[in-house]
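Please read the structure below before turning to the comments.
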Amino acid sequence: WPLGTLLLTPEVMRQYNQLLSFLLRVKRAQAELQHAWHETQSGRYGRAMTSTLHKATESGRHMTALWALRAEMAFLVNNLLYYLQCDVLDSQYEALKTVLSDSDSFDTVRRAHTKFLDRVSAECLMKNKLAFQTVNTILKIALKYARRMAQWQEIERGVIEEAQTFKRFKIEETASDEAGSYVGFPITVNGEVTVVTDYNEARELSVYKALKIAPSGDMDPEPEDLIGLPYCIQAPTISQEELAEVRQRFQRNALLLFTVLKTSQHHTTPVLSQLLLRLDYNRFFEQQQSNWHARTTQAGRR
């Protein structure tokens with residue numbers, strides 16, 4: 001008899017397809033969050049942006065808030081992926097191999113495989129409808145946020161009016177006159193990319209690395225050579241209002257997931273207990289639960 005007929009039935013393949021699709025969604029969200037980190041911190045802008053964090057500017061606070069939310073999402077997704085791969089799949093697969101190596105009949109193999117698939121599906125939260133839906137909602141939020149975070153939009157374009165050095169110059173009249181409004185944002189001057197590290201109301205700014213200007217003829221380049229060169233300043237596509245909304249949605253669903261897993265009838269299993277311990281090692285979610293119950297109780301009394 002064909003193996004597919006006896007062991008890999010249509011129902012079994014359906015469960016495997018559902019399981020693989022779920023694992024790929026988790027891995028995809030993790031990869032996109034890592035890409036967003038690379039683009040904004042360890043990529044071509046990263047080190048320069050990090051150098052501006054000590055400055056109390058609106059733009060700097062916005063960038064810090066973007067990074068903080070990404071870190072929250074990455075913490076949950078990374079722990080979830082580790083749980084699925086190591087605590088569930090690896091351990092259950094090793095248990096299955098042990099049974100198969102000692103089996104002497106096909107019925108034993110079939111029962112062991114059925115038990116393996118049932119346990120994997122249950123411990124991957126696929127049999128807990130509310131938990132599974134909540135996880136998928138979190139993954140959608142994280143995936144969309146990561147992609148948006150890695151995108152930039154042009155907010156200012158013009159030419160350089162004055163130049164003191166290759167790292168400090170004045171941009172034209174159309175620029176913002178709000179001090180610090182561009183700090184931490186990428187700026188492109190004549191095709192060369194760097195990051196704004198200081199900006200004042202006189203439209204004078206400093207950049208992270210000195211601009212390189214090709215010398216004309218036999219003359220050495222001078223800061224005055226920057227005058228008239230075009231510049232372009234970019235900012236994150238995520239506004240403060242959108243950031244606040246995404247943060248609220250993510251934290252609400254993360255707390256819901258923790259609450260569902262905590263109150264699940266299966267929460268005493270060792271593997272799920274490990275996930276809960278990693279997620280709530282500092283009692284953050286328990287404190288959030290207490291705050292939520294307090295707000296709910298207070299609102300009910302009103």
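Scheme for the structure tokens: letters A, B, ... for chains in order shown; per-chain residue numbers from 1; ligand numbers from 1 in order shown.
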
Next item on the list: Determine, counting only C-alpha atoms, which protein, DNA and RNA residues have an atom within 12 Å of an atom of A:Val246; residues of the same chain fewer than 6 positions away are not included. Present the result as a PyMOL selection string.
Entry: chain A and resi 65-66+69-70+72-73+137-138+140-146+148-149+238-240+252-253

Next item on the list: Mind checking which residues fall within 7 Å of A:Ser206, counting only C-alpha atoms, ignoring those fewer than 3 positions away in the same chain, and posting them as a PyMOL selection string?
Entry: chain A and resi 167-169+196-199

Let me see the file: selected residues, N, CA and C atoms, as a tab-separated table (two decimals), in the first residue's frame.
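Listed below is the output, out03.tsv:
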chain	number	residue	atom	x	y	z
A	167	LYS	N	30.81	69.31	8.00
A	167	LYS	CA	29.84	68.67	8.88
A	167	LYS	C	28.79	69.65	9.41
A	168	ARG	N	28.97	70.96	9.16
A	168	ARG	CA	27.99	71.94	9.64
A	168	ARG	C	27.73	72.97	8.56
A	169	PHE	N	26.44	73.17	8.26
A	169	PHE	CA	26.07	74.10	7.20
A	169	PHE	C	24.64	74.57	7.43
A	196	VAL	N	21.25	63.83	10.48
A	196	VAL	CA	21.29	65.11	11.18
A	196	VAL	C	21.51	64.86	12.68
A	197	THR	N	22.54	65.48	13.25
A	197	THR	CA	22.82	65.31	14.69
A	197	THR	C	22.51	66.57	15.49
A	198	ASP	N	22.30	67.71	14.82
A	198	ASP	CA	21.95	68.94	15.52
A	198	ASP	C	21.25	69.87	14.55
A	199	TYR	N	20.28	70.65	15.06
A	199	TYR	CA	19.55	71.58	14.21
A	199	TYR	C	18.97	72.69	15.08

Margin query: Between atom CA of A:Arg111 and atom CA of A:Lys127, what distance in Å does the model show, to one decimal?
Written below: 19.3 Å

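Among the candidates A:Val88, A:Leu276, A:Ala163, A:Val260, the one nearest to A:Leu76 when counting only C-alpha atoms is A:Leu276.
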
Notebook entry, point to check: Counting only C-alpha atoms, what is within 9 Å of stretch 95-101 of chain A, bar same-chain residues fewer than 2 positions away, as number ranges by chain?
Noted result: A: 90-93, 103-104, 108-109, 112-113, 115-116
